[in-house]
Amino acid sequence: MKMHGIHIPHRKNTAAAVPLRMPAPKTVTIMTSMHIGKPASVIVKPGDKVYVGQPIAEANGFVSANIHASISGTVKKIDEVLSSAGSFVPAVVIESDGEMTPYENISAPVVNTYDEFISALASSGIVGLGGAGFPTHVKLDVKDTSRIQQVIINSAECEPYITSDTRTMLDRAEDIEHAIKLFIKFLGVKEFVIGIEKNKPEAISEMNKLAKSIPSVKVKVLPSSYPQGGEKVLIFNTTGKVVPAGKLPIDVGCVVCNCTTMAEIGRFFKTGMPLTEKCVTVDGDAVREPKNVIVPIGTALSDVFEFCGGFKEEPKKMLYGGPMMGLAVPSADAMILKNTNAVLAFGAKSAKEPKATQCIHCGRCVNHCPLGLAPINIAKAFETKDCEALQKLEVNLCMECGCCSYVCPARRPLVQTNKLSKAMLRDYLAKQPKETEEKKK
Amino acid sequence: MSKLTVSVSPHIYSKTSTQTIMLDVIIALLPATVAGVVIFGIRSLAVIAVAVATAVLSEFLFNLICKREQTISDLSAIVTGLLLALNLPAEIPLWQTAVGAVFGIIFVKCIFGGIGQNFANPAITARVFMIISFSGTLIKVSSPVIVDTVSGATPLTVIEGISKGIVPSIKDLFFGVYGGTIGETCSIALLLGFVYLMIRKVISWHTPVTYIATVFILALVISGSFNTALVHVLSGGLLIGAIFMATDYSTSPTSYLGKAVFGVGCGLITVLIRFWGNFPEGVSFAILIMNIITPYIDKLTAKKHFGGVKK
């Protein structure tokens, strides 16, 4: 069996751009929801003096994550800002003192057991940095570590433009190596697979060097096809395992961690400095000087773009992440989050929305869906509100990679319809009596 | 700063659009079109012009009268008109050509909802309609104007014993110098179009290859002669049908397995009609019949969902 995908332009213009650390912005706005799960609870108040790495919000509940100050200065206010999920969440606004003084209580954590490792990790505020933002300590808290057969280090970086993971592999291999050693020691992991798309030969050779020094690590070179970095796709292409519907990777013995997440784990256990800054690829046809920038979390996109020479044409669309799955932001006031790996700005021509025409039944969406779904039939079922058909078509498997919409010659909003269909099906199932629920199980 | 566009991902799209696909089909048909005009004379150009113009005009007027969005810019009407013309003899009265084109566009395509919604291929259905309505003129095949030694009989009618004549050499079959419709005879031009469509990823190999292979193998088994089997592949409407009509998106299965099933089915019906049916040629009927059962093939060849629940 072969998983289908699509060939998209790579546009890795910034692959050779060594990340530059941008100076502290005047203010940062640090959101309490930069992860999947409950927003963290703010523990500072306006007027408080804070330092880089100081906790400003605490994890609230099991699936949540700590938040730390990314610059030193004074807490100006606790604001309410629009999160990427579409709800308003508290955010801590810090005015910089221009010093970037580190928090005094920062020291490398001393851990001896699995539990200590997990709780230290929880204090670091590290979340899945590939994009999803799932708290890493929750992902690794599998209770019985023997369930982990393989750790897959996601270095596919299949989205166009983004090169921040490439830079992590090139510049921070020793941090990744340190994290791998910690995983071997505390999680007893016996096998690591680093999955990299073959369009990054330098990163591959860097990772091969790492694999040579640790016998349990192997590098798997993957074809450059999108969505190679999708979790289920990556697991299949590196191990041949299929994650069944509604199950997690751990159910087939796999844990998938992004390479930058690994590097952050390594760095945190070396220095004790929590996650306060992020390497972000700044690109897009409206940006004057595309580059990789190390940005304090909470910095406004406008400040980041300004650091990259501003715009060469008026931006009409700005994205968090790549153009295939990235999220369009409503204004340049949006801020860098923990899981932001790229910010892109596009001019009028690229931002223009295509006009949908009639489906010509070409089958491209069906033949390119990595999961073998039939977006065109899902769209038909959605239009007729046929939830039973949606269930049979298994729309809830859709990972929203966008291949269907990308290849559609009639520019039908297919993945968009899939998203709406998933919501419709969810509502329908919630209203169903118990027996349907049981059947589903 | 002006307002930013907020839209759901993806934010980039492939360069392939309905229009570029149709343009590619037209480009792929050009070698056969040119060959047809060279082989059957300037009269065929008139047939092509009338068919294309009528097809485009009918779609334009239909959309206008029905207050639908204008769709002629997607170029699909041109493809239908051109395909129909290439499947007609050069001597056909122009008014019959026009009637055929109107039938194909209005009654097969537009009233079912336009592009993508038709259940049968408009050009094929129009041709079948014309075979029934104007059988006299449609069955009378044109002879090449560039040579005068070849009779008006098609190689198929000759090998099937319907009419007398000599079967052209394989070389003539390749270059199309024998009796037939405007666009079906020049095998090399059609194969050129096939290669182009494959390179441009407009069609996959599945339907044409399985269709042609089925006809070849069955003809070989039934006739026991390699030469006869080759004549069956290279003459008549098989190549143009297998490459350009059986691969029509709206009316053929979506999955690769489905496309292969479709091709084998077309091949089977074509051979049945050619060997035992009343008509010397069976490609149009074969594709039309398979068009109708396409939804069932689609249903039976649906792909398994990755990680899906077993049913």
# chains A, B, ... in the order shown; residues from 1 in each chain; ligands from 1
>>> residues_around(residues="Lys15 of chain B", least_positions_apart="5", cutoff="12 Å", atoms="only C-alpha atoms", output="mmCIF file with C-alpha atoms, in the first residue's frame")
data_model
loop_
_atom_site.group_PDB
_atom_site.id
_atom_site.type_symbol
_atom_site.label_atom_id
_atom_site.label_comp_id
_atom_site.auth_asym_id
_atom_site.auth_seq_id
_atom_site.Cartn_x
_atom_site.Cartn_y
_atom_site.Cartn_z
ATOM 1 C CA HIS A 7 3.614 17.569 -4.986
ATOM 2 C CA ILE A 8 3.559 21.182 -4.049
ATOM 3 C CA PRO A 9 6.119 23.941 -4.573
ATOM 4 C CA PRO A 354 -10.202 31.609 -6.251
ATOM 5 C CA TYR A 406 -5.232 22.154 -3.555
ATOM 6 C CA VAL A 407 -5.652 19.793 -6.485
ATOM 7 C CA CYS A 408 -9.282 20.611 -7.316
ATOM 8 C CA PRO A 409 -9.306 22.143 -10.811
ATOM 9 C CA ALA A 410 -12.756 23.590 -10.145
ATOM 10 C CA ARG A 411 -11.434 25.206 -6.926
ATOM 11 C CA THR B 20 -6.246 24.288 -18.407
ATOM 12 C CA ILE B 21 -7.453 20.689 -18.477
ATOM 13 C CA ARG B 200 0.260 16.690 -18.424
#
>>> interface_residues(of="chain A", to="chain B", cutoff="7 Å", atoms="only C-alpha atoms", output="tab-separated table (two decimals) with N, CA and C atoms, in the first residue's frame")
chain	number	residue	atom	x	y	z
A	242	VAL	N	-0.44	1.40	10.97
A	242	VAL	CA	-1.64	2.17	10.68
A	242	VAL	C	-2.32	2.53	12.01
A	243	VAL	N	-2.50	3.82	12.24
A	243	VAL	CA	-3.23	4.23	13.45
A	243	VAL	C	-4.72	4.18	13.12
A	244	PRO	N	-5.47	3.31	13.83
A	244	PRO	CA	-6.88	3.19	13.49
A	244	PRO	C	-7.68	4.45	13.87
A	245	ALA	N	-8.84	4.58	13.26
A	245	ALA	CA	-9.71	5.73	13.51
A	245	ALA	C	-9.96	5.87	15.01
A	316	LYS	N	-1.90	41.49	2.09
A	316	LYS	CA	-3.35	41.31	2.08
A	316	LYS	C	-3.75	40.06	2.86
A	317	LYS	N	-2.76	39.22	3.16
A	317	LYS	CA	-3.07	38.03	3.92
A	317	LYS	C	-1.85	37.67	4.76
A	323	PRO	N	1.30	27.58	3.97
A	323	PRO	CA	0.12	27.90	3.18
A	323	PRO	C	-0.88	26.75	3.02
A	324	MET	N	-0.48	25.52	3.37
A	324	MET	CA	-1.42	24.41	3.20
A	324	MET	C	-2.39	24.29	4.37
A	325	MET	N	-1.87	24.46	5.59
A	325	MET	CA	-2.73	24.30	6.76
A	325	MET	C	-2.69	25.52	7.67
A	326	GLY	N	-1.94	26.53	7.27
A	326	GLY	CA	-1.76	27.69	8.13
A	326	GLY	C	-3.06	28.44	8.37
A	327	LEU	N	-3.02	29.21	9.45
A	327	LEU	CA	-4.21	29.95	9.86
A	327	LEU	C	-4.05	31.41	9.46
A	328	ALA	N	-5.04	31.95	8.77
A	328	ALA	CA	-4.99	33.36	8.40
A	328	ALA	C	-5.35	34.20	9.62
A	329	VAL	N	-4.57	35.23	9.88
A	329	VAL	CA	-4.85	36.08	11.04
A	329	VAL	C	-5.56	37.35	10.59
A	330	PRO	N	-6.40	37.89	11.47
A	330	PRO	CA	-7.18	39.06	11.05
A	330	PRO	C	-6.36	40.35	11.02
A	331	SER	N	-5.26	40.41	11.79
A	331	SER	CA	-4.46	41.64	11.74
A	331	SER	C	-3.03	41.36	12.16
A	351	ALA	N	-3.20	36.64	-2.34
A	351	ALA	CA	-4.26	36.57	-1.33
A	351	ALA	C	-5.64	36.42	-1.97
A	358	GLN	N	-18.14	24.52	-11.16
A	358	GLN	CA	-18.76	23.21	-10.97
A	358	GLN	C	-17.75	22.08	-10.93
A	359	CYS	N	-18.04	21.09	-10.11
A	359	CYS	CA	-17.22	19.88	-10.05
A	359	CYS	C	-17.24	19.19	-11.41
A	360	ILE	N	-16.07	18.81	-11.90
A	360	ILE	CA	-16.04	18.11	-13.19
A	360	ILE	C	-15.83	16.61	-12.99
A	361	HIS	N	-15.90	16.18	-11.73
A	361	HIS	CA	-15.84	14.73	-11.46
A	361	HIS	C	-14.53	14.12	-11.94
A	362	CYS	N	-13.45	14.87	-11.79
A	362	CYS	CA	-12.18	14.38	-12.32
A	362	CYS	C	-11.56	13.34	-11.39
A	363	GLY	N	-11.98	13.34	-10.11
A	363	GLY	CA	-11.47	12.34	-9.18
A	363	GLY	C	-10.13	12.68	-8.57
A	367	ASN	N	-8.27	10.63	-5.57
A	367	ASN	CA	-7.01	9.94	-5.84
A	367	ASN	C	-5.81	10.57	-5.14
A	371	LEU	N	-5.64	9.70	3.02
A	371	LEU	CA	-6.37	8.76	3.85
A	371	LEU	C	-7.42	7.99	3.07
A	372	GLY	N	-7.43	8.16	1.75
A	372	GLY	CA	-8.36	7.40	0.92
A	372	GLY	C	-9.81	7.83	1.07
A	373	LEU	N	-10.04	9.06	1.50
A	373	LEU	CA	-11.41	9.54	1.62
A	373	LEU	C	-11.89	10.07	0.27
A	402	GLY	N	-5.70	19.43	3.34
A	402	GLY	CA	-5.97	20.37	2.25
A	402	GLY	C	-5.55	19.91	0.87
A	405	SER	N	-8.47	20.28	-1.71
A	405	SER	CA	-8.73	21.64	-2.19
A	405	SER	C	-7.60	22.12	-3.09
A	406	TYR	N	-6.38	21.72	-2.76
A	406	TYR	CA	-5.23	22.15	-3.55
A	406	TYR	C	-5.33	21.64	-4.99
A	407	VAL	N	-5.67	20.37	-5.14
A	407	VAL	CA	-5.65	19.79	-6.49
A	407	VAL	C	-6.93	20.05	-7.28
A	409	PRO	N	-9.39	21.19	-9.70
A	409	PRO	CA	-9.31	22.14	-10.81
A	409	PRO	C	-10.50	23.10	-10.84
A	410	ALA	N	-11.59	22.71	-10.17
A	410	ALA	CA	-12.76	23.59	-10.15
A	410	ALA	C	-12.73	24.48	-8.91
A	416	GLN	N	-12.55	22.57	3.28
A	416	GLN	CA	-13.37	23.46	4.09
A	416	GLN	C	-14.71	22.79	4.39
>>> atom_distance(atom1="atom CA of Val252 of chain A", atom2="atom CA of Thr301 of chain B")
28.4 Å
>>> residues_around(residues="segment 119-130 of chain B", least_positions_apart="2", cutoff="6 Å", atoms="only C-alpha atoms", output="list in words")
Thr80, Leu84, Gly100, Phe103, Gly104, Val108, Ile132, Ser133, Phe134, Thr251, Ser284 and Asn291 of chain B
>>> write_last_selection(atoms="N, CA, C and O atoms", output="PDB file, in the first residue's frame")
ATOM      1  N   THR B  80     -16.147  19.146 -26.690  1.00  0.00           N
ATOM      2  CA  THR B  80     -17.269  18.320 -27.149  1.00  0.00           C
ATOM      3  C   THR B  80     -17.471  18.459 -28.656  1.00  0.00           C
ATOM      4  O   THR B  80     -17.597  17.468 -29.376  1.00  0.00           O
ATOM      5  N   LEU B  84     -16.814  15.500 -31.369  1.00  0.00           N
ATOM      6  CA  LEU B  84     -17.919  15.036 -32.210  1.00  0.00           C
ATOM      7  C   LEU B  84     -17.501  15.078 -33.677  1.00  0.00           C
ATOM      8  O   LEU B  84     -17.656  14.102 -34.411  1.00  0.00           O
ATOM      9  N   GLY B 100     -26.395  17.428 -34.439  1.00  0.00           N
ATOM     10  CA  GLY B 100     -25.692  16.552 -33.497  1.00  0.00           C
ATOM     11  C   GLY B 100     -25.074  17.333 -32.351  1.00  0.00           C
ATOM     12  O   GLY B 100     -25.197  16.957 -31.179  1.00  0.00           O
ATOM     13  N   PHE B 103     -27.696  18.583 -29.993  1.00  0.00           N
ATOM     14  CA  PHE B 103     -28.185  17.470 -29.178  1.00  0.00           C
ATOM     15  C   PHE B 103     -27.203  17.171 -28.038  1.00  0.00           C
ATOM     16  O   PHE B 103     -27.593  17.071 -26.873  1.00  0.00           O
ATOM     17  N   GLY B 104     -25.931  17.049 -28.393  1.00  0.00           N
ATOM     18  CA  GLY B 104     -24.912  16.707 -27.388  1.00  0.00           C
ATOM     19  C   GLY B 104     -24.843  17.735 -26.272  1.00  0.00           C
ATOM     20  O   GLY B 104     -24.839  17.385 -25.089  1.00  0.00           O
ATOM     21  N   VAL B 108     -27.637  16.348 -23.636  1.00  0.00           N
ATOM     22  CA  VAL B 108     -26.822  15.436 -22.838  1.00  0.00           C
ATOM     23  C   VAL B 108     -26.094  16.182 -21.727  1.00  0.00           C
ATOM     24  O   VAL B 108     -25.947  15.683 -20.620  1.00  0.00           O
ATOM     25  N   ILE B 132     -28.270   6.774 -35.355  1.00  0.00           N
ATOM     26  CA  ILE B 132     -29.656   6.315 -35.450  1.00  0.00           C
ATOM     27  C   ILE B 132     -30.469   7.223 -36.376  1.00  0.00           C
ATOM     28  O   ILE B 132     -31.221   6.761 -37.224  1.00  0.00           O
ATOM     29  N   SER B 133     -30.267   8.548 -36.236  1.00  0.00           N
ATOM     30  CA  SER B 133     -31.087   9.486 -37.004  1.00  0.00           C
ATOM     31  C   SER B 133     -30.640   9.624 -38.452  1.00  0.00           C
ATOM     32  O   SER B 133     -31.457   9.756 -39.357  1.00  0.00           O
ATOM     33  N   PHE B 134     -29.361   9.676 -38.666  1.00  0.00           N
ATOM     34  CA  PHE B 134     -28.848   9.912 -40.023  1.00  0.00           C
ATOM     35  C   PHE B 134     -27.973   8.744 -40.451  1.00  0.00           C
ATOM     36  O   PHE B 134     -26.853   8.926 -40.936  1.00  0.00           O
ATOM     37  N   THR B 251     -18.016  10.962 -16.752  1.00  0.00           N
ATOM     38  CA  THR B 251     -18.766   9.761 -17.067  1.00  0.00           C
ATOM     39  C   THR B 251     -17.945   8.492 -16.903  1.00  0.00           C
ATOM     40  O   THR B 251     -18.334   7.439 -17.382  1.00  0.00           O
ATOM     41  N   SER B 284     -18.529   3.516 -29.753  1.00  0.00           N
ATOM     42  CA  SER B 284     -19.458   4.495 -29.188  1.00  0.00           C
ATOM     43  C   SER B 284     -20.443   3.828 -28.248  1.00  0.00           C
ATOM     44  O   SER B 284     -20.692   4.302 -27.137  1.00  0.00           O
ATOM     45  N   ASN B 291     -20.653   4.155 -19.545  1.00  0.00           N
ATOM     46  CA  ASN B 291     -20.980   5.426 -18.875  1.00  0.00           C
ATOM     47  C   ASN B 291     -22.135   5.220 -17.907  1.00  0.00           C
ATOM     48  O   ASN B 291     -22.131   5.727 -16.778  1.00  0.00           O
TER      49      ASN B 291
END
>>> select_by_dssp(residues="segment 11-175 of chain A", states="helix (DSSP H, G or I)", output="VMD selection string")
chain A and resid 114 to 124 136 to 140 145 to 147 164 to 171 173 to 175
>>> write_last_selection(atoms="N, CA, C and O atoms", output="CSV table (one decimal), in the first residue's frame")
chain,number,residue,atom,x,y,z
A,114,TYR,N,11.5,8.7,36.2
A,114,TYR,CA,10.6,9.0,35.2
A,114,TYR,C,9.6,10.1,35.6
A,114,TYR,O,9.4,11.1,34.9
A,115,ASP,N,9.1,10.0,36.9
A,115,ASP,CA,8.1,10.9,37.4
A,115,ASP,C,8.8,12.3,37.5
A,115,ASP,O,8.1,13.3,37.2
A,116,GLU,N,10.0,12.4,38.0
A,116,GLU,CA,10.7,13.6,38.1
A,116,GLU,C,10.9,14.3,36.7
A,116,GLU,O,10.8,15.5,36.5
A,117,PHE,N,11.2,13.4,35.7
A,117,PHE,CA,11.4,13.9,34.4
A,117,PHE,C,10.1,14.5,33.8
A,117,PHE,O,10.1,15.6,33.3
A,118,ILE,N,9.0,13.8,34.0
A,118,ILE,CA,7.7,14.3,33.5
A,118,ILE,C,7.4,15.6,34.2
A,118,ILE,O,6.9,16.6,33.6
A,119,SER,N,7.6,15.7,35.6
A,119,SER,CA,7.2,16.9,36.2
A,119,SER,C,8.1,18.1,35.9
A,119,SER,O,7.7,19.2,35.8
A,120,ALA,N,9.4,17.8,35.6
A,120,ALA,CA,10.3,18.9,35.2
A,120,ALA,C,9.8,19.4,33.8
A,120,ALA,O,9.8,20.6,33.6
A,121,LEU,N,9.5,18.4,33.0
A,121,LEU,CA,9.0,18.8,31.6
A,121,LEU,C,7.8,19.6,31.7
A,121,LEU,O,7.6,20.6,30.9
A,122,ALA,N,6.9,19.3,32.6
A,122,ALA,CA,5.7,20.1,32.8
A,122,ALA,C,6.0,21.5,33.2
A,122,ALA,O,5.3,22.4,32.7
A,123,SER,N,7.0,21.7,34.0
A,123,SER,CA,7.4,23.0,34.4
A,123,SER,C,8.0,23.9,33.2
A,123,SER,O,8.0,25.1,33.3
A,124,SER,N,8.4,23.2,32.2
A,124,SER,CA,9.1,23.9,31.1
A,124,SER,C,8.2,24.6,30.2
A,124,SER,O,8.6,25.5,29.4
A,136,THR,N,3.6,18.6,25.8
A,136,THR,CA,4.5,17.5,25.7
A,136,THR,C,4.6,16.5,26.9
A,136,THR,O,4.6,15.3,26.8
A,137,HIS,N,4.5,17.1,28.1
A,137,HIS,CA,4.6,16.3,29.3
A,137,HIS,C,3.3,15.4,29.4
A,137,HIS,O,3.4,14.3,29.9
A,138,VAL,N,2.2,15.9,28.8
A,138,VAL,CA,1.0,15.0,28.8
A,138,VAL,C,1.1,13.9,27.8
A,138,VAL,O,0.8,12.7,28.0
A,139,LYS,N,1.7,14.2,26.6
A,139,LYS,CA,1.9,13.2,25.6
A,139,LYS,C,2.9,12.1,26.1
A,139,LYS,O,2.6,10.9,25.9
A,140,LEU,N,3.9,12.5,26.8
A,140,LEU,CA,4.9,11.5,27.3
A,140,LEU,C,4.5,10.8,28.6
A,140,LEU,O,5.1,9.8,29.0
A,145,THR,N,5.8,3.0,30.4
A,145,THR,CA,6.7,3.4,29.3
A,145,THR,C,7.0,2.2,28.4
A,145,THR,O,7.5,2.5,27.3
A,146,SER,N,6.7,1.0,28.8
A,146,SER,CA,7.0,-0.1,27.8
A,146,SER,C,6.1,-0.1,26.6
A,146,SER,O,6.3,-0.7,25.6
A,147,ARG,N,5.0,0.8,26.7
A,147,ARG,CA,4.1,0.9,25.6
A,147,ARG,C,4.8,1.6,24.4
A,147,ARG,O,4.4,1.5,23.3
A,164,SER,N,12.1,26.5,9.7
A,164,SER,CA,12.6,26.6,11.1
A,164,SER,C,13.0,25.2,11.6
A,164,SER,O,14.0,25.1,12.4
A,165,ASP,N,12.3,24.1,11.2
A,165,ASP,CA,12.8,22.8,11.7
A,165,ASP,C,14.1,22.4,11.0
A,165,ASP,O,15.0,21.8,11.6
A,166,THR,N,14.3,22.8,9.7
A,166,THR,CA,15.5,22.5,9.1
A,166,THR,C,16.7,23.2,9.8
A,166,THR,O,17.7,22.6,10.1
A,167,ARG,N,16.4,24.4,10.2
A,167,ARG,CA,17.4,25.2,11.0
A,167,ARG,C,17.7,24.5,12.3
A,167,ARG,O,18.9,24.4,12.8
A,168,THR,N,16.7,24.0,13.0
A,168,THR,CA,16.9,23.3,14.2
A,168,THR,C,17.8,22.1,14.0
A,168,THR,O,18.7,21.9,14.8
A,169,MET,N,17.6,21.3,13.0
A,169,MET,CA,18.4,20.1,12.7
A,169,MET,C,19.8,20.6,12.4
A,169,MET,O,20.8,19.9,12.8
A,170,LEU,N,20.0,21.7,11.7
A,170,LEU,CA,21.3,22.1,11.3
A,170,LEU,C,22.1,22.7,12.5
A,170,LEU,O,23.3,22.5,12.6
A,171,ASP,N,21.4,23.5,13.2
A,171,ASP,CA,22.1,24.4,14.2
A,171,ASP,C,22.0,23.8,15.7
A,171,ASP,O,22.7,24.2,16.5
A,173,ALA,N,21.6,20.2,16.6
A,173,ALA,CA,21.7,18.8,16.7
A,173,ALA,C,22.0,18.3,18.1
A,173,ALA,O,21.5,17.3,18.5
A,174,GLU,N,22.9,19.0,18.8
A,174,GLU,CA,23.3,18.6,20.1
A,174,GLU,C,22.1,18.6,21.1
A,174,GLU,O,22.0,17.8,22.0
A,175,ASP,N,21.2,19.6,20.9
A,175,ASP,CA,20.0,19.7,21.8
A,175,ASP,C,19.1,18.5,21.5
A,175,ASP,O,18.6,17.9,22.5
